[in-house]
Structure formats: C-alpha cells, structure tokens
file upload22.txt (compact mmCIF, C-alpha atoms (C1' of nucleotides))
# COMPACT_ATOMS: atom_id res chain seq x y z
CA MET A 1 24.74 6.75 -15.72
CA LYS A 2 23.46 8.48 -12.64
CA GLN A 3 21.96 11.89 -13.18
CA ASP A 4 22.68 13.38 -9.80
CA GLY A 5 21.46 16.81 -10.67
CA ALA A 6 18.23 15.73 -12.27
CA GLY A 7 16.38 13.47 -9.88
CA VAL A 8 16.39 11.50 -6.68
CA ASP A 9 18.84 8.72 -7.38
CA LEU A 10 16.89 5.54 -6.79
CA ASP A 11 19.94 3.41 -6.13
CA THR A 12 20.96 5.52 -3.17
CA SER A 13 17.54 6.69 -2.02
CA LEU A 14 16.61 5.56 1.46
CA GLY A 15 12.96 6.26 0.66
CA TYR A 16 13.03 3.93 -2.31
CA LEU A 17 14.70 1.25 -0.24
CA LEU A 18 12.13 1.66 2.50
CA LYS A 19 9.38 1.19 -0.05
CA GLU A 20 11.13 -1.87 -1.42
CA ALA A 21 11.47 -3.43 2.02
CA SER A 22 7.88 -2.68 2.88
CA SER A 23 6.73 -4.17 -0.40
CA ALA A 24 8.73 -7.33 0.20
CA LEU A 25 7.29 -7.66 3.68
CA ARG A 26 3.76 -7.14 2.46
CA THR A 27 4.16 -9.72 -0.30
CA ALA A 28 5.61 -12.25 2.12
CA MET A 29 2.77 -11.74 4.57
CA GLU A 30 0.12 -11.98 1.88
CA GLU A 31 1.65 -15.26 0.74
CA VAL A 32 1.35 -16.91 4.12
CA LEU A 33 -2.01 -15.37 5.00
CA ARG A 34 -3.72 -16.15 1.70
CA PRO A 35 -4.14 -19.87 2.48
CA LEU A 36 -5.97 -18.78 5.62
CA GLY A 37 -8.26 -16.51 3.63
CA MET A 38 -6.98 -13.47 5.48
CA SER A 39 -5.59 -10.15 4.29
CA VAL A 40 -2.87 -8.16 6.02
CA THR A 41 -5.30 -5.54 7.29
CA HIS A 42 -7.62 -8.31 8.45
CA TYR A 43 -4.80 -9.88 10.44
CA SER A 44 -3.62 -6.53 11.80
CA CYS A 45 -7.08 -5.86 13.13
CA LEU A 46 -7.29 -9.17 14.98
CA GLU A 47 -3.78 -8.80 16.37
CA LEU A 48 -4.53 -5.32 17.65
CA LEU A 49 -7.68 -6.55 19.35
CA ALA A 50 -5.84 -9.41 20.99
CA GLN A 51 -3.26 -7.10 22.48
CA ARG A 52 -5.56 -4.24 23.32
CA PRO A 53 -9.12 -5.51 23.79
CA GLY A 54 -11.86 -2.93 23.51
CA LEU A 55 -10.27 -0.72 20.89
CA SER A 56 -12.71 1.37 18.90
CA ASN A 57 -13.08 1.50 15.15
CA SER A 58 -11.03 4.68 14.83
CA GLU A 59 -8.28 3.40 17.10
CA LEU A 60 -8.05 0.18 15.12
CA ALA A 61 -7.84 2.18 11.92
CA ARG A 62 -4.91 4.19 13.20
CA GLY A 63 -3.19 1.05 14.41
CA ALA A 64 -3.58 -0.69 11.07
CA PHE A 65 -2.69 2.43 9.07
CA VAL A 66 -5.94 2.68 7.16
CA THR A 67 -8.82 5.18 7.32
CA ARG A 68 -11.63 4.65 9.77
CA GLN A 69 -14.01 4.17 6.86
CA THR A 70 -11.94 1.25 5.61
CA MET A 71 -11.72 -0.28 9.05
CA ASN A 72 -15.45 0.13 9.48
CA VAL A 73 -16.14 -1.97 6.40
CA LEU A 74 -13.77 -4.65 7.64
CA LEU A 75 -15.26 -4.65 11.13
CA GLN A 76 -18.76 -5.06 9.77
CA ALA A 77 -17.64 -8.15 7.86
CA LEU A 78 -15.76 -9.54 10.86
CA GLU A 79 -18.78 -8.96 13.06
CA ARG A 80 -21.12 -10.59 10.55
CA ASP A 81 -18.88 -13.64 10.39
CA GLY A 82 -18.57 -13.88 14.16
CA TYR A 83 -14.92 -12.99 14.66
CA VAL A 84 -15.55 -9.90 16.75
CA ILE A 85 -18.41 -8.38 18.74
CA ARG A 86 -19.46 -4.81 19.33
CA PRO A 87 -22.19 -3.60 21.63
CA ALA A 88 -25.33 -2.42 19.86
CA GLU A 89 -25.22 0.84 21.81
CA ALA A 90 -22.20 2.88 22.76
CA PRO A 91 -21.56 2.71 26.53
CA VAL A 92 -20.26 6.25 26.35
CA GLY A 93 -20.32 8.71 23.47
CA LYS A 94 -20.32 7.09 20.06
CA VAL A 95 -17.29 4.89 20.63
CA LEU A 96 -18.01 1.19 20.19
CA PRO A 97 -15.44 -0.98 21.99
CA THR A 98 -14.67 -4.10 19.97
CA ARG A 99 -13.63 -7.50 21.26
CA LEU A 100 -12.55 -10.82 19.80
CA THR A 101 -14.87 -13.78 20.04
CA PRO A 102 -13.44 -17.25 20.76
CA ARG A 103 -13.73 -17.88 17.05
CA GLY A 104 -11.74 -14.75 16.32
CA ARG A 105 -9.09 -15.84 18.76
CA ARG A 106 -8.78 -19.25 17.11
CA SER A 107 -8.50 -17.66 13.70
CA LEU A 108 -5.82 -15.30 14.94
CA ALA A 109 -3.84 -18.13 16.51
CA LYS A 110 -3.34 -19.79 13.12
CA ALA A 111 -2.41 -16.54 11.47
CA THR A 112 0.07 -15.66 14.17
CA VAL A 113 2.09 -18.79 13.49
CA ALA A 114 2.31 -17.86 9.83
CA VAL A 115 3.20 -14.24 10.44
CA ARG A 116 5.77 -15.09 13.04
CA SER A 117 7.57 -17.27 10.53
CA VAL A 118 7.82 -14.30 8.18
CA GLU A 119 9.05 -11.99 10.88
CA SER A 120 11.70 -14.40 12.07
CA ARG A 121 12.82 -14.92 8.49
CA MET A 122 13.14 -11.17 8.11
CA LEU A 123 15.19 -10.89 11.28
CA GLY A 124 17.20 -13.69 9.72
CA GLY A 125 20.88 -13.09 10.07
CA MET A 126 20.59 -9.92 12.11
CA SER A 127 22.29 -9.76 15.45
CA GLU A 128 20.57 -8.33 18.49
CA ALA A 129 22.60 -5.15 18.12
CA GLU A 130 21.62 -4.81 14.47
CA ARG A 131 17.95 -5.20 15.32
CA ALA A 132 18.22 -2.48 17.91
CA GLU A 133 19.97 -0.26 15.40
CA SER A 134 17.27 -0.84 12.77
CA PHE A 135 14.63 -0.07 15.34
CA ARG A 136 16.27 3.19 16.22
CA ALA A 137 16.70 4.18 12.60
CA LEU A 138 13.07 3.49 11.67
CA ARG A 139 11.79 5.35 14.70
CA GLY A 140 13.91 8.31 13.72
CA MET A 141 12.52 8.33 10.21
CA ILE A 142 8.94 8.16 11.44
CA ARG A 143 9.44 11.00 13.87
CA ALA A 144 11.09 13.16 11.23
CA LEU A 145 8.39 12.44 8.63
CA ARG A 146 5.63 13.34 11.03
CA GLY A 147 7.22 16.68 11.61
CA GLU A 148 7.98 16.13 15.27
CA ASP A 149 11.36 17.56 14.53
CA ARG A 150 13.05 18.68 17.68
CA THR A 151 16.10 20.58 16.55
CA MET B 1 0.03 -5.97 29.47
CA LYS B 2 2.08 -7.69 26.79
CA GLN B 3 1.00 -11.20 25.96
CA ASP B 4 4.29 -12.56 24.78
CA GLY B 5 3.10 -16.10 24.32
CA ALA B 6 -0.04 -15.20 22.43
CA GLY B 7 0.90 -12.96 19.53
CA VAL B 8 3.49 -10.92 17.77
CA ASP B 9 4.09 -8.06 20.13
CA LEU B 10 3.41 -4.96 18.09
CA ASP B 11 5.47 -2.66 20.27
CA THR B 12 8.63 -4.63 19.63
CA SER B 13 7.86 -5.94 16.14
CA LEU B 14 10.25 -4.76 13.49
CA GLY B 15 7.69 -5.67 10.84
CA TYR B 16 5.11 -3.41 12.39
CA LEU B 17 7.60 -0.59 12.65
CA LEU B 18 8.59 -1.06 9.03
CA LYS B 19 4.95 -0.80 8.03
CA GLU B 20 4.56 2.31 10.14
CA ALA B 21 7.59 3.98 8.57
CA SER B 22 6.46 3.09 5.10
CA SER B 23 2.99 4.41 5.82
CA ALA B 24 4.40 7.69 7.12
CA LEU B 25 6.59 8.05 4.05
CA ARG B 26 3.70 7.32 1.71
CA THR B 27 1.45 9.83 3.45
CA ALA B 28 4.13 12.50 3.34
CA MET B 29 4.74 11.92 -0.36
CA GLU B 30 1.05 11.96 -1.18
CA GLU B 31 0.73 15.26 0.63
CA VAL B 32 3.36 17.00 -1.45
CA LEU B 33 2.40 15.31 -4.73
CA ARG B 34 -1.33 15.90 -4.47
CA PRO B 35 -1.09 19.63 -5.32
CA LEU B 36 0.67 18.54 -8.51
CA GLY B 37 -2.11 16.09 -9.34
CA MET B 38 0.29 13.20 -9.14
CA SER B 39 0.19 9.91 -7.26
CA VAL B 40 3.20 8.12 -5.81
CA THR B 41 3.14 5.43 -8.48
CA HIS B 42 2.75 8.12 -11.11
CA TYR B 43 5.85 9.88 -9.82
CA SER B 44 7.79 6.63 -9.46
CA CYS B 45 7.13 5.84 -13.08
CA LEU B 46 8.42 9.18 -14.33
CA GLU B 47 11.47 9.03 -12.07
CA LEU B 48 12.33 5.54 -13.29
CA LEU B 49 12.05 6.67 -16.89
CA ALA B 50 14.29 9.66 -16.27
CA GLN B 51 17.03 7.53 -14.82
CA ARG B 52 16.65 4.58 -17.13
CA PRO B 53 15.14 5.70 -20.43
CA GLY B 54 13.57 2.99 -22.56
CA LEU B 55 12.29 0.79 -19.74
CA SER B 56 9.41 -1.48 -20.72
CA ASN B 57 6.03 -1.71 -19.05
CA SER B 58 6.99 -4.81 -17.07
CA GLU B 59 10.29 -3.36 -15.96
CA LEU B 60 8.58 -0.18 -14.80
CA ALA B 61 6.07 -2.25 -12.88
CA ARG B 62 8.79 -4.10 -11.03
CA GLY B 63 10.58 -0.85 -10.28
CA ALA B 64 7.46 0.76 -8.88
CA PHE B 65 6.36 -2.36 -6.98
CA VAL B 66 3.05 -2.81 -8.74
CA THR B 67 1.78 -5.42 -11.21
CA ARG B 68 2.36 -4.94 -14.92
CA GLN B 69 -1.40 -4.64 -15.40
CA THR B 70 -1.50 -1.68 -13.06
CA MET B 71 1.48 -0.05 -14.72
CA ASN B 72 -0.12 -0.61 -18.10
CA VAL B 73 -3.20 1.37 -17.08
CA LEU B 74 -1.00 4.18 -15.83
CA LEU B 75 1.18 4.21 -18.94
CA GLN B 76 -1.84 4.44 -21.21
CA ALA B 77 -3.01 7.49 -19.32
CA LEU B 78 0.45 9.06 -19.36
CA GLU B 79 0.76 8.40 -23.07
CA ARG B 80 -2.68 9.82 -23.77
CA ASP B 81 -1.78 12.98 -21.86
CA GLY B 82 1.56 13.35 -23.59
CA TYR B 83 3.96 12.65 -20.75
CA VAL B 84 5.55 9.58 -22.32
CA ILE B 85 5.82 8.00 -25.73
CA ARG B 86 5.95 4.41 -26.86
CA PRO B 87 6.55 3.14 -30.37
CA ALA B 88 3.45 1.77 -32.09
CA GLU B 89 5.31 -1.42 -32.95
CA ALA B 90 7.81 -3.29 -30.82
CA PRO B 91 11.33 -3.02 -32.26
CA VAL B 92 12.03 -6.50 -30.96
CA GLY B 93 9.67 -9.02 -29.42
CA LYS B 94 6.70 -7.51 -27.67
CA VAL B 95 8.67 -5.15 -25.46
CA LEU B 96 7.73 -1.49 -25.92
CA PRO B 97 10.50 0.83 -24.74
CA THR B 98 9.03 3.92 -23.08
CA ARG B 99 10.51 7.41 -22.98
CA LEU B 100 9.68 10.73 -21.37
CA THR B 101 8.52 13.58 -23.54
CA PRO B 102 9.69 17.14 -22.79
CA ARG B 103 6.36 17.64 -21.10
CA GLY B 104 6.94 14.58 -18.95
CA ARG B 105 10.36 15.87 -18.01
CA ARG B 106 8.96 19.24 -16.97
CA SER B 107 6.29 17.57 -14.88
CA LEU B 108 8.86 15.37 -13.21
CA ALA B 109 11.08 18.33 -12.42
CA LYS B 110 8.39 19.92 -10.26
CA ALA B 111 7.64 16.65 -8.51
CA THR B 112 11.28 15.99 -7.81
CA VAL B 113 11.61 19.18 -5.82
CA ALA B 114 8.66 18.16 -3.66
CA VAL B 115 9.82 14.60 -3.15
CA ARG B 116 13.35 15.65 -2.37
CA SER B 117 12.07 17.83 0.44
CA VAL B 118 10.34 14.83 1.97
CA GLU B 119 13.39 12.65 1.64
CA SER B 120 15.68 15.21 3.19
CA ARG B 121 13.22 15.69 6.02
CA MET B 122 13.26 11.96 6.61
CA LEU B 123 17.02 11.88 6.67
CA GLY B 124 16.62 14.70 9.13
CA GLY B 125 18.86 14.30 12.08
CA MET B 126 20.59 11.19 10.85
CA SER B 127 24.35 11.22 10.52
CA GLU B 128 26.09 9.79 7.49
CA ALA B 129 27.00 6.69 9.49
CA GLU B 130 23.40 6.20 10.59
CA ARG B 131 22.17 6.43 7.02
CA ALA B 132 24.66 3.80 5.94
CA GLU B 133 23.56 1.61 8.82
CA SER B 134 19.88 1.98 7.89
CA PHE B 135 20.71 1.14 4.32
CA ARG B 136 22.49 -2.00 5.34
CA ALA B 137 19.68 -3.07 7.65
CA LEU B 138 16.95 -2.58 5.03
CA ARG B 139 18.94 -4.41 2.40
CA GLY B 140 19.37 -7.30 4.80
CA MET B 141 15.64 -7.47 5.48
CA ILE B 142 14.81 -7.45 1.79
CA ARG B 143 17.27 -10.20 1.01
CA ALA B 144 15.99 -12.35 3.86
CA LEU B 145 12.35 -11.83 2.92
CA ARG B 146 12.97 -12.81 -0.67
CA GLY B 147 14.47 -16.07 0.47
CA GLU B 148 17.94 -15.38 -0.84
CA ASP B 149 19.17 -16.66 2.46
CA ARG B 150 22.79 -17.64 2.16
CA THR B 151 23.55 -19.50 5.35
C1' DG C 1 12.83 -27.98 -36.91
C1' DA C 2 9.14 -28.79 -33.40
C1' DA C 3 7.64 -28.59 -28.78
C1' DT C 4 7.82 -26.54 -24.42
C1' DC C 5 8.66 -22.94 -21.38
C1' DT C 6 8.99 -18.18 -20.06
C1' DA C 7 8.10 -13.32 -20.44
C1' DT C 8 5.44 -9.65 -22.23
C1' DG C 9 1.39 -6.53 -23.40
C1' DT C 10 -3.31 -6.15 -22.85
C1' DC C 11 -8.31 -6.63 -21.68
C1' DA C 12 -11.97 -7.50 -18.29
C1' DG C 13 -13.92 -8.01 -13.71
C1' DA C 14 -13.49 -7.78 -8.72
C1' DC C 15 -11.74 -5.98 -4.59
C1' DT C 16 -9.60 -2.76 -1.44
C1' DG C 17 -8.89 1.56 0.31
C1' DC C 18 -9.67 6.47 -0.11
C1' DT C 19 -12.25 11.03 -0.30
C1' DG C 20 -16.45 13.44 0.55
C1' DA C 21 -20.32 14.02 3.33
C1' DC C 22 -23.50 13.78 7.21
C1' DA C 23 -25.31 13.25 11.93
C1' DT C 24 -24.13 12.82 16.66
C1' DG C 25 -21.77 12.94 21.13
C1' DA C 26 -17.93 15.01 24.07
C1' DA C 27 -15.01 18.67 25.47
C1' DG C 28 -13.67 23.36 25.82
C1' DC C 29 -14.92 28.25 25.98
C1' DA C 30 -17.86 32.57 26.08
C1' DT D 1 -26.23 27.98 29.46
C1' DG D 2 -25.20 28.21 24.68
C1' DC D 3 -21.66 28.06 21.02
C1' DT D 4 -17.72 26.25 18.83
C1' DT D 5 -14.61 22.78 17.99
C1' DC D 6 -13.23 18.17 17.61
C1' DA D 7 -13.63 13.07 17.26
C1' DT D 8 -16.43 9.33 16.08
C1' DG D 9 -19.41 5.99 13.28
C1' DT D 10 -21.38 5.40 9.02
C1' DC D 11 -23.07 5.77 4.13
C1' DA D 12 -22.13 6.57 -0.79
C1' DG D 13 -19.15 7.15 -4.74
C1' DC D 14 -14.64 6.89 -6.86
C1' DA D 15 -9.73 5.72 -7.89
C1' DG D 16 -6.11 2.52 -7.73
C1' DT D 17 -4.56 -2.06 -7.65
C1' DC D 18 -5.15 -6.83 -8.00
C1' DT D 19 -6.33 -11.56 -10.04
C1' DG D 20 -7.67 -14.12 -14.08
C1' DA D 21 -7.30 -14.79 -18.82
C1' DC D 22 -5.63 -14.59 -23.56
C1' DA D 23 -2.50 -14.03 -27.58
C1' DT D 24 2.12 -13.57 -28.98
C1' DA D 25 7.31 -13.39 -29.24
C1' DG D 26 11.80 -15.19 -27.61
C1' DA D 27 14.45 -18.77 -25.36
C1' DT D 28 15.22 -23.46 -24.26
C1' DT D 29 15.11 -28.29 -25.02
C1' DC D 30 14.80 -32.42 -27.50
call {"tool": "encode", "arguments": {"input": "upload22.txt", "output": "structure tokens"}}
result
Amino acid sequence: MKQDGAGVDLDTSLGYLLKEASSALRTAMEEVLRPLGMSVTHYSCLELLAQRPGLSNSELARGAFVTRQTMNVLLQALERDGYVIRPAEAPVGKVLPTRLTPRGRRSLAKATVAVRSVESRMLGGMSEAERAESFRALRGMIRALRGEDRT
Amino acid sequence: MKQDGAGVDLDTSLGYLLKEASSALRTAMEEVLRPLGMSVTHYSCLELLAQRPGLSNSELARGAFVTRQTMNVLLQALERDGYVIRPAEAPVGKVLPTRLTPRGRRSLAKATVAVRSVESRMLGGMSEAERAESFRALRGMIRALRGEDRT
DNA sequence: GAATCTATGTCAGACTGCTGACATGAAGCA
DNA sequence: TGCTTCATGTCAGCAGTCTGACATAGATTC
C-alpha cells in the first residue's frame, strides 16, 4: 500500500516522526501548564530569564523559537502583571535587558515542577547511553537543516 | 553558570532540543513550500490523502496533528479550490471520505519534490544505523509521553 | 427497543503567532 | 566625517489554530 515513487512515505519519514514527537511533547506540556494559567512560550520565557538573566527581547525570542514581535507582546503582558521588569531606558543602544521579579521566580518554580515531570516521563525507559545517542542525533538534524553542512 | 537545582537546564534538556529540531524542520519546510503558496498543514493534508485515499476530516486532523476544526477549515478551502472532493452526503454515518482531484495530485507532486529535498538534507550525514537509532529514540519518547508506559 | 456513550462534521468567537513596516541605535567602511 | 548595513523594539494587520458549542449517526449497555 506504500507508494514509494509518489510521495514521502509517512510511516518511514523521520521528519514526520519528529513532528509527531514534538506534537506529543507540546500537548503534554500544555496539559500540565494549563492549570497554572501558563502557555509553553510563557514558561519558556521565564525559564530562559532564570538561567540567563538580562536577556533582551530579541534574544528571548530566539531562545523560545518565536519572532521578536511575538515575544514583545508576551513581555509586555508579563511586565504589566509584574513577572518581569525592564528598564524604561536602554542602558546601551536599544536593547532592554529583562529580569525576573520575585513574583516571576515564584511562578516559574511551580511551573518547573510540572515541566520536569513531563521531561522525566519522556526520558522514561531510556538508558543514559540512549539519551546521549538521541541528543547527538537531534543535534545533527538541526545542524543539517540550518545548512551548516560541513562535508 | 548552570543552576541545576533551580530549573530545567536548557543546555542539557532533551525536550528543549526536540523543540529546537522541530522548529528548524518547520522553518525549512515553510521556506520551500512558501513559493508554492502552501503551508505545512496544507501539504500534510495532501500527502496523507495521497497515501491513504478516503480519509475523513477527523482522521486527517489526527494525521496532521491539528484539531478537526482546523482541518475542516482547510478542507473547505481545498474543496472550494478544486484540490479535493468530498461526497455531498455521507455514505455511512457522518464520515465524509475525502479524495484528491487530479489538480490536487499535480499540486502535491511539486510540493513533494521540495519537501523531499528538506528531508534528505536533514538526513544529511547520518548513516543508516544512525537513522534507525533516531527512529527508535523518537518512537520511545512518543510512547512515553502518551502514557503508554509498559513497565 | 430505549438510553447512554462516543465519534463526527460544522459553526462561531477568541487567541496566538506571523508578516509587513517604521524609527532608532550600533558597527563597519569610504 | 558621512554613508551603508545590520540589529533592535515596537505598532498594526492578517492568517492559522484553538476552545466552546451544537446536532447527528453509530456503538454500547441495560
């Protein structure tokens, strides 16, 4: 039933499987974050700021894989609700370094517990060697897709 | 600089890497499909129909990882533009089996060439064994995330 | 056979993220 | 110094996707 000549066979397509895995991960994260009133991008933003305080809007956008316009909208809401702070004036250039407030940190702490449970479930039955192998494979795909192809 | 106790370390998080890979794949596909005036979901729908003719709206939605409402909107547009056909009345129940028209097949043919180039680029330097390993790893993640955890 | 449950197709409204556009500051180059 | 290029922050408009809701058909249960 497989039309090898006609299309990309979905059952053996690594791209399709990657999309499936990503979709499953996203769904699982949304499930645990919803009770906290937080979206995946929302969480990603807070997590990035916790690990790298002072990131700018554009840097956060790249880290969360959205456009800087999208991140800007999110940051304005987070700032309005007191989860993050940005200086009114840029210390240098136009770049506004963003930081978590204590409230933002508390909010993140709850979310982290939820997200960690998903991640550990995903790592489930994988051995340490298998995790390392998956890591290597995904990194390879990313590098190839971005055209950093060193033949 | 890594706060191991505080959060999920992004640099060593398989979830984050999975999201990154998926984002890179999506971007690459959008790039090659845009000139054809086609979105990723649009393409997924046609590809699914080519491989499994007669799929219903809900089945297509599951295959493309969107809701059936979203797929319904897309199908109406595709039907209006003559890429697919659905019977006016359901042969059985409410399920409307969908099929590609010749026009839809031609459109898909062009897209397939583009998508295949992305996929082969992604597989890039991977050996056959590495591909199999990646496959196995992704399947494991999906199964674990969906809670089909057979201890 | 009737009641309940489940799945489907569809409509409407809301939200999220994206593209396009603009002004501004920094960095490199003539 | 002036010019070009690039990155940034931000606003506005648009497309895609989602949630909520409803009616209906099949399957299940009693």
call {"tool": "interface_residues", "arguments": {"input": "upload22.txt", "of": "chain A", "to": "chain B", "cutoff": "8 Å", "atoms": "only C-alpha atoms", "output": "PyMOL selection string"}}
result
chain A and resi 1-3+6-10+14-15+17-25+28+47-48+50-51+65+109+112+116+118-119+121-126+130-131+133-135+137-142+144-146
call {"tool": "atom_distance", "arguments": {"input": "upload22.txt", "atom1": "CA of Ala61 in chain A", "atom2": "C1' of DG28 in chain C"}}
result
26.0 Å
call {"tool": "calpha_fit_and_write", "arguments": {"input": "upload22.txt", "fixed": "chain B", "moving": "chain A", "output": "short mmCIF file (atom, residue, chain, number, x, y, z; two decimals) with C-alpha atoms, in the coordinates of the input"}}
result
data_model
loop_
_atom_site.label_atom_id
_atom_site.label_comp_id
_atom_site.auth_asym_id
_atom_site.auth_seq_id
_atom_site.Cartn_x
_atom_site.Cartn_y
_atom_site.Cartn_z
CA MET A 1 0.00 -6.05 29.48
CA LYS A 2 2.03 -7.76 26.81
CA GLN A 3 0.95 -11.25 25.91
CA ASP A 4 4.27 -12.60 24.78
CA GLY A 5 3.06 -16.11 24.29
CA ALA A 6 -0.05 -15.23 22.36
CA GLY A 7 0.89 -13.00 19.47
CA VAL A 8 3.52 -10.94 17.74
CA ASP A 9 4.07 -8.07 20.12
CA LEU A 10 3.39 -4.97 18.07
CA ASP A 11 5.45 -2.68 20.26
CA THR A 12 8.61 -4.65 19.62
CA SER A 13 7.84 -5.95 16.13
CA LEU A 14 10.25 -4.77 13.48
CA GLY A 15 7.68 -5.66 10.82
CA TYR A 16 5.08 -3.42 12.39
CA LEU A 17 7.59 -0.60 12.65
CA LEU A 18 8.58 -1.06 9.03
CA LYS A 19 4.95 -0.79 8.03
CA GLU A 20 4.56 2.31 10.16
CA ALA A 21 7.58 3.98 8.59
CA SER A 22 6.45 3.09 5.11
CA SER A 23 2.99 4.43 5.83
CA ALA A 24 4.40 7.69 7.13
CA LEU A 25 6.58 8.05 4.06
CA ARG A 26 3.71 7.33 1.72
CA THR A 27 1.45 9.85 3.45
CA ALA A 28 4.14 12.51 3.34
CA MET A 29 4.75 11.94 -0.35
CA GLU A 30 1.06 11.98 -1.19
CA GLU A 31 0.74 15.29 0.63
CA VAL A 32 3.37 17.02 -1.45
CA LEU A 33 2.43 15.35 -4.73
CA ARG A 34 -1.31 15.95 -4.46
CA PRO A 35 -1.06 19.67 -5.32
CA LEU A 36 0.70 18.58 -8.50
CA GLY A 37 -2.08 16.15 -9.34
CA MET A 38 0.31 13.23 -9.15
CA SER A 39 0.19 9.95 -7.26
CA VAL A 40 3.19 8.14 -5.81
CA THR A 41 3.12 5.44 -8.48
CA HIS A 42 2.75 8.13 -11.13
CA TYR A 43 5.84 9.89 -9.83
CA SER A 44 7.78 6.64 -9.46
CA CYS A 45 7.12 5.84 -13.08
CA LEU A 46 8.42 9.19 -14.32
CA GLU A 47 11.47 9.03 -12.07
CA LEU A 48 12.33 5.55 -13.29
CA LEU A 49 12.05 6.68 -16.89
CA ALA A 50 14.27 9.67 -16.27
CA GLN A 51 17.01 7.53 -14.81
CA ARG A 52 16.65 4.58 -17.13
CA PRO A 53 15.12 5.70 -20.43
CA GLY A 54 13.56 2.98 -22.55
CA LEU A 55 12.28 0.78 -19.76
CA SER A 56 9.41 -1.48 -20.72
CA ASN A 57 6.04 -1.74 -19.06
CA SER A 58 7.01 -4.82 -17.07
CA GLU A 59 10.32 -3.35 -15.96
CA LEU A 60 8.60 -0.18 -14.80
CA ALA A 61 6.09 -2.26 -12.88
CA ARG A 62 8.82 -4.09 -11.02
CA GLY A 63 10.60 -0.84 -10.28
CA ALA A 64 7.47 0.79 -8.89
CA PHE A 65 6.40 -2.34 -7.00
CA VAL A 66 3.08 -2.80 -8.75
CA THR A 67 1.82 -5.43 -11.21
CA ARG A 68 2.39 -4.96 -14.90
CA GLN A 69 -1.35 -4.68 -15.40
CA THR A 70 -1.47 -1.70 -13.06
CA MET A 71 1.49 -0.07 -14.73
CA ASN A 72 -0.09 -0.64 -18.11
CA VAL A 73 -3.17 1.34 -17.12
CA LEU A 74 -1.00 4.16 -15.83
CA LEU A 75 1.18 4.19 -18.94
CA GLN A 76 -1.84 4.39 -21.20
CA ALA A 77 -3.02 7.48 -19.32
CA LEU A 78 0.45 9.04 -19.35
CA GLU A 79 0.75 8.38 -23.06
CA ARG A 80 -2.69 9.82 -23.76
CA ASP A 81 -1.79 12.97 -21.85
CA GLY A 82 1.56 13.33 -23.58
CA TYR A 83 3.95 12.63 -20.73
CA VAL A 84 5.54 9.58 -22.29
CA ILE A 85 5.80 7.98 -25.73
CA ARG A 86 5.92 4.38 -26.84
CA PRO A 87 6.50 3.11 -30.34
CA ALA A 88 3.40 1.73 -32.04
CA GLU A 89 5.27 -1.46 -32.89
CA ALA A 90 7.77 -3.33 -30.78
CA PRO A 91 11.30 -3.02 -32.23
CA VAL A 92 12.00 -6.50 -30.94
CA GLY A 93 9.65 -9.04 -29.41
CA LYS A 94 6.67 -7.52 -27.65
CA VAL A 95 8.64 -5.17 -25.44
CA LEU A 96 7.71 -1.52 -25.91
CA PRO A 97 10.48 0.82 -24.73
CA THR A 98 9.02 3.92 -23.09
CA ARG A 99 10.50 7.40 -22.98
CA LEU A 100 9.66 10.72 -21.37
CA THR A 101 8.50 13.57 -23.55
CA PRO A 102 9.69 17.13 -22.80
CA ARG A 103 6.36 17.64 -21.10
CA GLY A 104 6.94 14.59 -18.95
CA ARG A 105 10.36 15.87 -18.02
CA ARG A 106 8.95 19.24 -16.97
CA SER A 107 6.28 17.57 -14.89
CA LEU A 108 8.86 15.38 -13.21
CA ALA A 109 11.10 18.34 -12.43
CA LYS A 110 8.40 19.93 -10.26
CA ALA A 111 7.65 16.68 -8.51
CA THR A 112 11.29 16.00 -7.81
CA VAL A 113 11.62 19.20 -5.82
CA ALA A 114 8.68 18.18 -3.67
CA VAL A 115 9.84 14.62 -3.15
CA ARG A 116 13.36 15.67 -2.36
CA SER A 117 12.07 17.86 0.44
CA VAL A 118 10.35 14.84 1.96
CA GLU A 119 13.40 12.66 1.64
CA SER A 120 15.69 15.23 3.20
CA ARG A 121 13.22 15.70 6.03
CA MET A 122 13.25 11.96 6.60
CA LEU A 123 17.03 11.87 6.67
CA GLY A 124 16.63 14.72 9.13
CA GLY A 125 18.89 14.30 12.08
CA MET A 126 20.62 11.18 10.84
CA SER A 127 24.36 11.20 10.53
CA GLU A 128 26.11 9.77 7.50
CA ALA A 129 27.02 6.68 9.50
CA GLU A 130 23.42 6.19 10.60
CA ARG A 131 22.19 6.43 7.03
CA ALA A 132 24.67 3.80 5.96
CA GLU A 133 23.56 1.60 8.82
CA SER A 134 19.88 1.98 7.91
CA PHE A 135 20.71 1.15 4.33
CA ARG A 136 22.48 -2.00 5.34
CA ALA A 137 19.68 -3.07 7.64
CA LEU A 138 16.95 -2.58 5.03
CA ARG A 139 18.94 -4.41 2.39
CA GLY A 140 19.37 -7.29 4.78
CA MET A 141 15.66 -7.48 5.46
CA ILE A 142 14.81 -7.44 1.77
CA ARG A 143 17.28 -10.19 0.98
CA ALA A 144 16.01 -12.34 3.83
CA LEU A 145 12.35 -11.82 2.89
CA ARG A 146 12.98 -12.78 -0.70
CA GLY A 147 14.47 -16.03 0.43
CA GLU A 148 17.95 -15.34 -0.87
CA ASP A 149 19.17 -16.63 2.43
CA ARG A 150 22.79 -17.58 2.23
CA THR A 151 23.53 -19.36 5.46
#
call {"tool": "interface_residues", "arguments": {"input": "upload22.txt", "of": "chain C", "to": "chain B", "cutoff": "8 Å", "atoms": "all atoms listed in the file", "output": "PyMOL selection string"}}
result
chain C and resi 8-10
call {"tool": "atom_distance", "arguments": {"input": "upload22.txt", "atom1": "CA of Leu60 in chain B", "atom2": "CA of Val40 in chain A"}}
result
25.1 Å
call {"tool": "atom_distance", "arguments": {"input": "upload22.txt", "atom1": "CA of Gln76 in chain A", "atom2": "CA of Pro97 in chain A"}}
result
13.3 Å
